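Below you'll find the structure, written out as C-alpha cells, and then a few comments.
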Amino acid sequence: MKIKKLIFPLLLISSLTALSVEAKITGAFFQLHGGLINKPRSYWKNELDLMQQAGMDTVIIQFSATDSSRFFGGSELLAYRFTGPFAAGKHEIVIEKGPIVIYEIETTVPFSYELAGTEPIMLFGDDGEKLRDGTHTLDSAVVWGADASEPIIISLELEEPTESISILAGALSTNQPLPEAKQVTLADQPATATPQDDYTYLLEEAEKRNMHVWLGLKLSDNWWSGKLDLQKDCAENLALANELQQYYGSYASFAGWYIPHELYPSGALPKSYMNFFKDLTIGLQKTGKPVSIAPYFGANMSPRDHGRYWERFFKEVPLDVLMLQDGIGCHRLPVDQIPVYYKEVYAICKKYNVQFWSDLEVFDQLPGEGFSADTADFSRVKQQVLTQTPTVDKIVIFDWPHYMSPTKGAKAKKLYDSYVKWLQEPSL
C-alpha cells in the first residue's frame with residue numbers, strides 16, 4: 001500500500017527551491033563526540049553565526065547515541081519551557097509542589113515577577129531579583145524543600161509580547177527528583193521539560209536564526225559488522241526518537257530526523273534491511289517530522305544501475321530526504337563523474353517526491369589504516385559545489401566542526417575564508 005508522504009513545512013520547501021539554483025553550501029553535519037559535547041551556549045552561538053555568514057541554514061547531528069554513549073540529556077539543569085505567543089501583561093506559572101531549586105526565569109522581553117503560594121526556604125528566599133540576575137548558582141537561587149506540598153506560584157508581568165517563557169531549575173539532591181513537566185503549568189498548559197545541554201543550546205540558538213536542525217538517532221557498532229539485530233535496533237531507535245521528541249519537540253528549529261545507518265548500494269538490498277528502513281522511517285514520520293539518510297557509493301555500480309537501486313528502495317521506503325555522500329574526500333570517484341550519478345538519482349527522487357541533497361565531503365582522506373583526514377583545498381571544494389549544484393536540491397557538508405569551522409585550525413580557517421570570499425563575489 002502506498003504510504004502518504006509527509007508534507008514539508010512551506011518555509012523549508014521554498015528555501016530548498018530557491019537554493020537549488022544557487023551554487024553554494026547550505027548546511028553541515030556535526031559529528032558530536034569526544035571534545036565536541038558539553039559545550040557552553042556561547043560555543044553554539046559562535047558556530048551558528050559563522051555558518052550563517054557562510055550562507056548555511058541547516059545543521060544535521062550525525063548521531064545522538066552509540067552502544068556506550070549518549071550525547072544529550074546529561075545536564076543536571078532542567079528548563080520548563082512554555083511556547084507562546086504570550087501577550088504583554090500578567091501570566092502565572094504554577095508548580096504543584098517541591099522540592100525544586102529555581103535559578104532563573106528566561107524570556108526575550110523585559111519583565112518583573114512576584115512569588116506567591118508556598119514560601120521558599122528562608123535561607124534561600126527571594127530578593128525580587130534573583131530569578132532574573134543571570135546567575136545560576138545556589139546562592140542566587142530560590143529553593144523550596146520537600147515540605148512544599150502546596151502550589152508554588154510565579155506571577156510574571158511581561159512588558160512586551162514574547163514567544164516563549166522558561167524556568168531554569170535543578171534538584172536539591174539526586175534522591176529528590178524535580179517535578180514532572182505536567183506538574184508545571186501556565187494557563188493550565190503543561191510545560192515541556194528540556195535538559196540544559198548541547199541540544200537545547202543548539203535548538204534555541206538555531207530558532208533565533210531561523211535555522212533548521214536534524215537530529216540523528218543511535219548508531220550501533222554492530223551495524224558495520226553486519227551482526228545487528230535489525231528489529232531490536234529499530235525498536236531502540238524509535239524509543240530514542242520518542243525521548244528526543246519529548247525533550248526537544250517543541251522547538252520550531254527541530255526540522256527532522258536523520259537515520260545514521262549508512263548504506264552502500266550494491267545489487268539488491270536484502271529484504272530484512274529494506275524492512276528495517278521502512279519500519280523505522282514510518283515510525284519516525286508518526287512524530288510529524290521528515291526522515292533522511294546519507295548513503296555512500298562508488299564505481300561498483302553504473303549510474304543507471306544506481307538509479308534503479310534507489311527506485312526499488314523508494315517503492316518500499318517512504319523516505320523524505322536522500323543525502324548522497326559524494327565520496328570525493330574518500331577518493332571513490334573523480335569530481336567530474338559525480339554529476340552523472342547524481343543526475344540519475346535526482347530523476348528518481350523527483351519521481352517519488354524525495355528531496356535530493358548532496359553530502360559534500362570537505363575533507364581529504366589520508367593514506368594508512370583506519371580513517372584519518374585533513375581539510376580539503378578550496379579549489380577542489382569549489383569544483384564540487386559547481387558541478388553538483390544543477391542536480392541537487394541542497395548541498396550540505398561533512399563535516400563542519402572537524403574540517404570547515406574557522407575555529408578548528410589554520411587549514412579549516414583558510415577553507416572557510418576562501419569560501420566566504422567566493423560567495424561575496426558578484427557572480428558565482
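By order of appearance in the C-alpha cells: chains A, B, ..., then residues from 1 within every chain, and ligands from 1 in the order shown.
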If we count only C-alpha atoms and set the cut-off at 8 Å, which residues sit around Glu361 of chain A, ignoring sequence neighbours fewer than 5 positions away in its own chain? Please answer as a list in words. Gln325, Asp326, Gly327, Ile328, Gly329, Ile397, Phe398 and Asp399 of chain A
Let me see the file: selected residues, all heavy atoms, as a compact mmCIF listing (two decimals), in the first residue's frame.
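Once written, part19.txt looks like this:
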# COMPACT_ATOMS: atom_id res chain seq x y z
N GLN A 325 26.46 10.81 0.01
CA GLN A 325 27.85 11.21 0.23
C GLN A 325 28.54 11.22 -1.13
O GLN A 325 28.55 10.21 -1.83
CB GLN A 325 28.54 10.22 1.15
CG GLN A 325 27.91 10.08 2.52
CD GLN A 325 28.58 9.02 3.36
OE1 GLN A 325 29.80 8.84 3.30
NE2 GLN A 325 27.79 8.30 4.15
N ASP A 326 29.15 12.35 -1.50
CA ASP A 326 29.73 12.40 -2.85
C ASP A 326 31.01 11.58 -2.97
O ASP A 326 31.45 11.26 -4.08
CB ASP A 326 29.93 13.84 -3.31
CG ASP A 326 31.05 14.59 -2.58
OD1 ASP A 326 31.66 14.03 -1.65
OD2 ASP A 326 31.30 15.76 -2.95
N GLY A 327 31.63 11.21 -1.84
CA GLY A 327 32.78 10.32 -1.89
C GLY A 327 34.07 10.93 -2.37
O GLY A 327 35.09 10.24 -2.47
N ILE A 328 34.06 12.23 -2.64
CA ILE A 328 35.28 12.87 -3.16
C ILE A 328 36.40 12.85 -2.13
O ILE A 328 37.56 12.56 -2.45
CB ILE A 328 34.98 14.31 -3.61
CG1 ILE A 328 33.90 14.32 -4.70
CG2 ILE A 328 36.25 14.99 -4.10
CD1 ILE A 328 34.24 13.52 -5.92
N GLY A 329 36.06 13.13 -0.90
CA GLY A 329 37.08 13.12 0.14
C GLY A 329 37.67 11.76 0.39
O GLY A 329 38.83 11.63 0.82
N ILE A 397 27.55 19.70 3.97
CA ILE A 397 28.92 19.20 4.00
C ILE A 397 29.13 18.24 5.17
O ILE A 397 28.42 18.27 6.17
CB ILE A 397 29.95 20.34 4.10
CG1 ILE A 397 29.75 21.13 5.42
CG2 ILE A 397 29.88 21.24 2.90
CD1 ILE A 397 30.91 22.02 5.78
N PHE A 398 30.13 17.39 5.04
CA PHE A 398 30.64 16.61 6.15
C PHE A 398 32.11 16.96 6.32
O PHE A 398 32.90 16.79 5.39
CB PHE A 398 30.50 15.10 5.89
CG PHE A 398 30.85 14.31 7.12
CD1 PHE A 398 29.87 13.99 8.05
CD2 PHE A 398 32.14 13.92 7.38
CE1 PHE A 398 30.18 13.28 9.19
CE2 PHE A 398 32.48 13.21 8.52
CZ PHE A 398 31.49 12.89 9.43
N ASP A 399 32.48 17.36 7.59
CA ASP A 399 31.51 17.95 8.48
C ASP A 399 32.05 19.29 8.90
O ASP A 399 33.20 19.64 8.65
CB ASP A 399 31.22 17.01 9.66
CG ASP A 399 32.27 16.99 10.77
OD1 ASP A 399 33.44 17.35 10.49
OD2 ASP A 399 31.97 16.63 11.91
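Residues of segment 170-281 of chain A assigned to strand (DSSP E) by DSSP on this structure's backbone: Gly170, Val184, Thr185, Leu186, Gln189, Pro190, Thr192, Ala193, Thr194, Pro195, His212, Val213, Trp214, Leu215, Gly216, Phe254, Ala255, Gly256, Trp257, Tyr258 and Ile259 of chain A.
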Residues as selected, N, CA, C and O atoms, written as an mmCIF file, in the first residue's frame, can you do that?
data_model
loop_
_atom_site.group_PDB
_atom_site.id
_atom_site.type_symbol
_atom_site.label_atom_id
_atom_site.label_comp_id
_atom_site.auth_asym_id
_atom_site.auth_seq_id
_atom_site.Cartn_x
_atom_site.Cartn_y
_atom_site.Cartn_z
ATOM 1 N N GLY A 170 16.776 23.116 39.067
ATOM 2 C CA GLY A 170 17.611 21.977 39.416
ATOM 3 C C GLY A 170 17.035 21.269 40.629
ATOM 4 O O GLY A 170 16.154 21.796 41.317
ATOM 5 N N VAL A 184 4.014 21.407 36.125
ATOM 6 C CA VAL A 184 4.388 22.821 35.984
ATOM 7 C C VAL A 184 3.546 23.385 34.839
ATOM 8 O O VAL A 184 3.675 22.948 33.699
ATOM 9 N N THR A 185 2.676 24.342 35.145
ATOM 10 C CA THR A 185 1.713 24.815 34.149
ATOM 11 C C THR A 185 1.678 26.331 34.046
ATOM 12 O O THR A 185 2.044 27.048 34.979
ATOM 13 N N LEU A 186 1.240 26.784 32.885
ATOM 14 C CA LEU A 186 0.969 28.195 32.646
ATOM 15 C C LEU A 186 -0.363 28.257 31.915
ATOM 16 O O LEU A 186 -0.500 27.648 30.839
ATOM 17 N N GLN A 189 -1.715 24.953 30.901
ATOM 18 C CA GLN A 189 -0.986 24.192 29.900
ATOM 19 C C GLN A 189 0.330 23.695 30.493
ATOM 20 O O GLN A 189 1.083 24.475 31.070
ATOM 21 N N PRO A 190 0.621 22.365 30.371
ATOM 22 C CA PRO A 190 1.859 21.842 30.960
ATOM 23 C C PRO A 190 3.099 22.312 30.218
ATOM 24 O O PRO A 190 3.055 22.605 29.017
ATOM 25 N N THR A 192 7.067 21.912 28.759
ATOM 26 C CA THR A 192 7.948 20.921 28.156
ATOM 27 C C THR A 192 9.264 20.982 28.923
ATOM 28 O O THR A 192 9.854 22.060 29.059
ATOM 29 N N ALA A 193 9.720 19.849 29.441
ATOM 30 C CA ALA A 193 10.954 19.823 30.234
ATOM 31 C C ALA A 193 12.131 19.441 29.355
ATOM 32 O O ALA A 193 12.124 18.374 28.730
ATOM 33 N N THR A 194 13.117 20.298 29.274
ATOM 34 C CA THR A 194 14.289 20.033 28.437
ATOM 35 C C THR A 194 15.563 20.218 29.253
ATOM 36 O O THR A 194 15.709 21.209 29.969
ATOM 37 N N PRO A 195 16.504 19.277 29.157
ATOM 38 C CA PRO A 195 17.786 19.438 29.846
ATOM 39 C C PRO A 195 18.575 20.581 29.228
ATOM 40 O O PRO A 195 18.471 20.851 28.028
ATOM 41 N N HIS A 212 17.528 25.328 10.653
ATOM 42 C CA HIS A 212 16.884 24.033 10.791
ATOM 43 C C HIS A 212 17.876 23.012 11.361
ATOM 44 O O HIS A 212 19.032 22.970 10.944
ATOM 45 N N VAL A 213 17.412 22.183 12.289
ATOM 46 C CA VAL A 213 18.257 21.176 12.928
ATOM 47 C C VAL A 213 17.625 19.795 12.737
ATOM 48 O O VAL A 213 16.447 19.595 13.040
ATOM 49 N N TRP A 214 18.421 18.871 12.219
ATOM 50 C CA TRP A 214 18.008 17.473 12.070
ATOM 51 C C TRP A 214 18.764 16.653 13.104
ATOM 52 O O TRP A 214 19.995 16.765 13.224
ATOM 53 N N LEU A 215 18.046 15.834 13.868
ATOM 54 C CA LEU A 215 18.666 15.052 14.931
ATOM 55 C C LEU A 215 18.874 13.616 14.492
ATOM 56 O O LEU A 215 17.927 12.935 14.065
ATOM 57 N N GLY A 216 20.110 13.152 14.609
ATOM 58 C CA GLY A 216 20.432 11.769 14.300
ATOM 59 C C GLY A 216 20.049 10.841 15.438
ATOM 60 O O GLY A 216 19.914 11.267 16.592
ATOM 61 N N PHE A 254 13.622 22.356 15.249
ATOM 62 C CA PHE A 254 13.762 20.896 15.117
ATOM 63 C C PHE A 254 13.034 20.492 13.838
ATOM 64 O O PHE A 254 11.832 20.350 13.800
ATOM 65 N N ALA A 255 13.808 20.266 12.773
ATOM 66 C CA ALA A 255 13.227 20.101 11.434
ATOM 67 C C ALA A 255 12.944 18.658 11.055
ATOM 68 O O ALA A 255 12.027 18.382 10.280
ATOM 69 N N GLY A 256 13.744 17.691 11.539
ATOM 70 C CA GLY A 256 13.551 16.318 11.094
ATOM 71 C C GLY A 256 14.529 15.350 11.715
ATOM 72 O O GLY A 256 15.340 15.716 12.575
ATOM 73 N N TRP A 257 14.443 14.103 11.236
ATOM 74 C CA TRP A 257 15.254 13.004 11.750
ATOM 75 C C TRP A 257 16.302 12.583 10.735
ATOM 76 O O TRP A 257 16.051 12.597 9.530
ATOM 77 N N TYR A 258 17.441 12.155 11.254
ATOM 78 C CA TYR A 258 18.486 11.571 10.410
ATOM 79 C C TYR A 258 18.777 10.160 10.907
ATOM 80 O O TYR A 258 19.108 9.960 12.083
ATOM 81 N N ILE A 259 18.633 9.171 10.025
ATOM 82 C CA ILE A 259 18.968 7.780 10.339
ATOM 83 C C ILE A 259 20.451 7.586 10.007
ATOM 84 O O ILE A 259 20.838 7.651 8.832
#
Nearest to Thr391 of chain A among A:Ser173, A:Gln31, A:Ser358, A:Gln231, with distances taken over only C-alpha atoms: which residue is it?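 Looking only at the distances to Thr391 of chain A, the closest residue turns out to be A:Ser358.
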Which residue out of A:Val109, A:Ile37, A:Leu217, A:Ile25 has the minimum interatomic distance to Thr66 of chain A when only C-alpha atoms are used?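 Closest to Thr66 of chain A of all the choices is A:Leu217.
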Would you mind listing what lies within 12 Å of Glu163 of chain A as a PDB file with N, CA, C and O atoms, in the first residue's frame, with only C-alpha atoms counted and same-chain residues fewer than 6 positions away left out?
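Resulting contents of around-v3.pdb:
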ATOM      1  N   ARG A  81       9.727  24.733  29.804  1.00  0.00           N
ATOM      2  CA  ARG A  81       9.543  25.689  28.707  1.00  0.00           C
ATOM      3  C   ARG A  81       8.076  25.760  28.292  1.00  0.00           C
ATOM      4  O   ARG A  81       7.415  24.731  28.125  1.00  0.00           O
ATOM      5  N   PHE A  82       7.601  26.970  28.098  1.00  0.00           N
ATOM      6  CA  PHE A  82       6.249  27.215  27.590  1.00  0.00           C
ATOM      7  C   PHE A  82       6.372  27.945  26.260  1.00  0.00           C
ATOM      8  O   PHE A  82       7.090  28.947  26.160  1.00  0.00           O
ATOM      9  N   THR A  83       5.659  27.444  25.260  1.00  0.00           N
ATOM     10  CA  THR A  83       5.694  28.050  23.936  1.00  0.00           C
ATOM     11  C   THR A  83       4.439  28.878  23.717  1.00  0.00           C
ATOM     12  O   THR A  83       3.318  28.387  23.899  1.00  0.00           O
ATOM     13  N   GLY A  84       4.608  30.133  23.323  1.00  0.00           N
ATOM     14  CA  GLY A  84       3.523  31.089  23.163  1.00  0.00           C
ATOM     15  C   GLY A  84       2.838  31.031  21.821  1.00  0.00           C
ATOM     16  O   GLY A  84       2.699  29.957  21.255  1.00  0.00           O
ATOM     17  N   PRO A  85       2.413  32.203  21.352  1.00  0.00           N
ATOM     18  CA  PRO A  85       2.823  33.523  21.834  1.00  0.00           C
ATOM     19  C   PRO A  85       2.131  33.940  23.127  1.00  0.00           C
ATOM     20  O   PRO A  85       1.030  33.486  23.425  1.00  0.00           O
ATOM     21  N   PHE A  86       2.821  34.818  23.879  1.00  0.00           N
ATOM     22  CA  PHE A  86       2.285  35.373  25.108  1.00  0.00           C
ATOM     23  C   PHE A  86       2.186  36.889  24.978  1.00  0.00           C
ATOM     24  O   PHE A  86       3.161  37.543  24.605  1.00  0.00           O
ATOM     25  N   ALA A  87       1.021  37.422  25.281  1.00  0.00           N
ATOM     26  CA  ALA A  87       0.812  38.870  25.199  1.00  0.00           C
ATOM     27  C   ALA A  87       1.493  39.576  26.361  1.00  0.00           C
ATOM     28  O   ALA A  87       1.818  38.966  27.383  1.00  0.00           O
ATOM     29  N   ALA A  88       1.717  40.862  26.204  1.00  0.00           N
ATOM     30  CA  ALA A  88       2.212  41.665  27.322  1.00  0.00           C
ATOM     31  C   ALA A  88       1.172  41.633  28.442  1.00  0.00           C
ATOM     32  O   ALA A  88      -0.030  41.539  28.193  1.00  0.00           O
ATOM     33  N   GLU A 106      13.571  32.831  32.200  1.00  0.00           N
ATOM     34  CA  GLU A 106      14.175  33.243  30.939  1.00  0.00           C
ATOM     35  C   GLU A 106      13.097  33.543  29.906  1.00  0.00           C
ATOM     36  O   GLU A 106      12.221  32.715  29.640  1.00  0.00           O
ATOM     37  N   THR A 107      13.166  34.728  29.330  1.00  0.00           N
ATOM     38  CA  THR A 107      12.310  35.109  28.220  1.00  0.00           C
ATOM     39  C   THR A 107      13.029  36.207  27.459  1.00  0.00           C
ATOM     40  O   THR A 107      14.076  36.706  27.908  1.00  0.00           O
ATOM     41  N   THR A 108      12.497  36.590  26.309  1.00  0.00           N
ATOM     42  CA  THR A 108      13.223  37.521  25.436  1.00  0.00           C
ATOM     43  C   THR A 108      12.847  38.974  25.666  1.00  0.00           C
ATOM     44  O   THR A 108      13.385  39.852  24.994  1.00  0.00           O
ATOM     45  N   VAL A 109      11.938  39.250  26.599  1.00  0.00           N
ATOM     46  CA  VAL A 109      11.469  40.632  26.795  1.00  0.00           C
ATOM     47  C   VAL A 109      11.625  41.031  28.257  1.00  0.00           C
ATOM     48  O   VAL A 109      11.735  40.172  29.137  1.00  0.00           O
ATOM     49  N   GLU A 204      17.807  26.220  20.506  1.00  0.00           N
ATOM     50  CA  GLU A 204      17.377  27.573  20.851  1.00  0.00           C
ATOM     51  C   GLU A 204      18.099  28.617  20.008  1.00  0.00           C
ATOM     52  O   GLU A 204      17.472  29.572  19.508  1.00  0.00           O
ATOM     53  N   GLU A 207      16.830  28.465  16.486  1.00  0.00           N
ATOM     54  CA  GLU A 207      15.494  29.068  16.389  1.00  0.00           C
ATOM     55  C   GLU A 207      15.592  30.584  16.247  1.00  0.00           C
ATOM     56  O   GLU A 207      14.846  31.191  15.471  1.00  0.00           O
ATOM     57  N   LYS A 208      16.518  31.190  16.970  1.00  0.00           N
ATOM     58  CA  LYS A 208      16.700  32.638  16.878  1.00  0.00           C
ATOM     59  C   LYS A 208      17.167  33.059  15.489  1.00  0.00           C
ATOM     60  O   LYS A 208      16.934  34.203  15.071  1.00  0.00           O
ATOM     61  N   SER A 250       9.306  20.674  21.040  1.00  0.00           N
ATOM     62  CA  SER A 250       8.610  21.959  20.993  1.00  0.00           C
ATOM     63  C   SER A 250       9.381  23.034  20.238  1.00  0.00           C
ATOM     64  O   SER A 250       8.835  24.110  19.960  1.00  0.00           O
ATOM     65  N   TYR A 251      10.634  22.767  19.889  1.00  0.00           N
ATOM     66  CA  TYR A 251      11.429  23.786  19.206  1.00  0.00           C
ATOM     67  C   TYR A 251      11.079  23.844  17.722  1.00  0.00           C
ATOM     68  O   TYR A 251      11.113  22.826  17.023  1.00  0.00           O
ATOM     69  N   ALA A 252      10.783  25.046  17.236  1.00  0.00           N
ATOM     70  CA  ALA A 252      10.463  25.222  15.819  1.00  0.00           C
ATOM     71  C   ALA A 252      11.659  24.888  14.934  1.00  0.00           C
ATOM     72  O   ALA A 252      11.500  24.535  13.764  1.00  0.00           O
TER      73      ALA A 252
END
Enumerate as a PDB file with C-alpha atoms, in the first residue's frame all residues of segment 65-282 of chain A assigned to helix (DSSP H, G or I) by DSSP on the backbone, naming them with the chain letters and numbers the document uses.
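Printed below is states_38.pdb as written:
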ATOM      1  CA  MET A 122      14.197  31.078  54.481  1.00  0.00           C
ATOM      2  CA  LEU A 123      17.936  30.883  53.824  1.00  0.00           C
ATOM      3  CA  PHE A 124      17.293  30.661  50.078  1.00  0.00           C
ATOM      4  CA  LYS A 130      17.355  36.507  41.966  1.00  0.00           C
ATOM      5  CA  LEU A 131      15.324  34.939  39.179  1.00  0.00           C
ATOM      6  CA  ARG A 132      16.420  37.415  36.536  1.00  0.00           C
ATOM      7  CA  LEU A 138      22.722  28.164  44.617  1.00  0.00           C
ATOM      8  CA  ASP A 139      23.404  31.473  46.400  1.00  0.00           C
ATOM      9  CA  SER A 140      21.436  33.229  43.677  1.00  0.00           C
ATOM     10  CA  ALA A 181       6.621  18.617  33.283  1.00  0.00           C
ATOM     11  CA  LYS A 182       2.875  18.085  33.694  1.00  0.00           C
ATOM     12  CA  GLN A 183       3.140  19.451  37.249  1.00  0.00           C
ATOM     13  CA  ASP A 198      24.187  20.967  23.757  1.00  0.00           C
ATOM     14  CA  TYR A 199      20.918  20.088  22.032  1.00  0.00           C
ATOM     15  CA  THR A 200      18.932  22.698  23.946  1.00  0.00           C
ATOM     16  CA  TYR A 201      21.508  25.402  23.251  1.00  0.00           C
ATOM     17  CA  LEU A 202      21.754  24.397  19.591  1.00  0.00           C
ATOM     18  CA  LEU A 203      17.989  24.306  19.023  1.00  0.00           C
ATOM     19  CA  GLU A 204      17.377  27.573  20.851  1.00  0.00           C
ATOM     20  CA  GLU A 205      20.157  29.426  19.045  1.00  0.00           C
ATOM     21  CA  ALA A 206      19.059  27.933  15.712  1.00  0.00           C
ATOM     22  CA  GLU A 207      15.494  29.068  16.389  1.00  0.00           C
ATOM     23  CA  LYS A 208      16.700  32.638  16.878  1.00  0.00           C
ATOM     24  CA  ASN A 222      27.208  -3.805  15.142  1.00  0.00           C
ATOM     25  CA  TRP A 223      25.887  -2.043  12.048  1.00  0.00           C
ATOM     26  CA  TRP A 224      29.323  -2.155  10.453  1.00  0.00           C
ATOM     27  CA  SER A 225      29.907  -5.798  11.409  1.00  0.00           C
ATOM     28  CA  LEU A 230      17.589  -5.130  12.981  1.00  0.00           C
ATOM     29  CA  GLN A 231      14.227  -5.489  14.699  1.00  0.00           C
ATOM     30  CA  LYS A 232      15.723  -4.750  18.107  1.00  0.00           C
ATOM     31  CA  ASP A 233      17.682  -1.792  16.749  1.00  0.00           C
ATOM     32  CA  CYS A 234      14.581  -0.389  15.055  1.00  0.00           C
ATOM     33  CA  ALA A 235      12.651  -0.570  18.341  1.00  0.00           C
ATOM     34  CA  GLU A 236      15.529   1.041  20.264  1.00  0.00           C
ATOM     35  CA  ASN A 237      15.782   3.884  17.760  1.00  0.00           C
ATOM     36  CA  LEU A 238      12.056   4.562  17.852  1.00  0.00           C
ATOM     37  CA  ALA A 239      12.255   4.666  21.653  1.00  0.00           C
ATOM     38  CA  LEU A 240      15.201   7.060  21.409  1.00  0.00           C
ATOM     39  CA  ALA A 241      13.263   9.243  18.963  1.00  0.00           C
ATOM     40  CA  ASN A 242      10.348   9.343  21.390  1.00  0.00           C
ATOM     41  CA  GLU A 243      12.698  10.536  24.136  1.00  0.00           C
ATOM     42  CA  LEU A 244      14.236  13.185  21.883  1.00  0.00           C
ATOM     43  CA  GLN A 245      10.764  14.299  20.832  1.00  0.00           C
ATOM     44  CA  GLN A 246       9.700  14.693  24.457  1.00  0.00           C
ATOM     45  CA  TYR A 247      12.783  16.750  25.284  1.00  0.00           C
ATOM     46  CA  TYR A 248      13.106  18.874  22.160  1.00  0.00           C
ATOM     47  CA  LYS A 271      14.507  -7.786   2.454  1.00  0.00           C
ATOM     48  CA  SER A 272      15.394  -7.629   6.161  1.00  0.00           C
ATOM     49  CA  TYR A 273      17.290  -4.361   5.619  1.00  0.00           C
ATOM     50  CA  MET A 274      14.548  -2.945   3.415  1.00  0.00           C
ATOM     51  CA  ASN A 275      12.030  -3.683   6.167  1.00  0.00           C
ATOM     52  CA  PHE A 276      14.312  -2.087   8.739  1.00  0.00           C
ATOM     53  CA  PHE A 277      14.463   1.211   6.855  1.00  0.00           C
ATOM     54  CA  LYS A 278      10.757   1.054   6.011  1.00  0.00           C
ATOM     55  CA  ASP A 279       9.612   0.393   9.587  1.00  0.00           C
ATOM     56  CA  LEU A 280      11.982   2.940  11.085  1.00  0.00           C
ATOM     57  CA  THR A 281      11.048   5.631   8.547  1.00  0.00           C
ATOM     58  CA  ILE A 282       7.305   5.142   9.010  1.00  0.00           C
TER      59      ILE A 282
END
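Distances here use only C-alpha atoms; by that measure, the residue among A:Ala347, A:Asp393, A:Thr407, A:Lys382 closest to Val321 of chain A is A:Asp393.
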Find the residue from A:Leu319, A:His331, A:His402, A:Asp188 that sits nearest to Gly34 of chain A; use only C-alpha atoms when measuring.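 Ranked by minimum distance to Gly34 of chain A, first place goes to A:His402.
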Hey, what's within 9 Å of Leu423 of chain A if we count only C-alpha atoms and toss same-chain stuff fewer than 3 positions away? As a list in words, please? Ala23, Lys24, Ala54, Gly55, Ser418, Tyr419, Val420, Pro426, Ser427 and Leu428 of chain A
What's the separation between atom CA of His91 of chain A and atom CA of Ala191 of chain A, in Å to one decimal place? 13.8 Å
Using only C-alpha atoms, can you tell me which of A:Phe63, A:Thr137, A:Gly145, A:Gln196 comes closest to Leu78 of chain A?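 With only C-alpha atoms as the atom set, the closest residue is A:Gln196.
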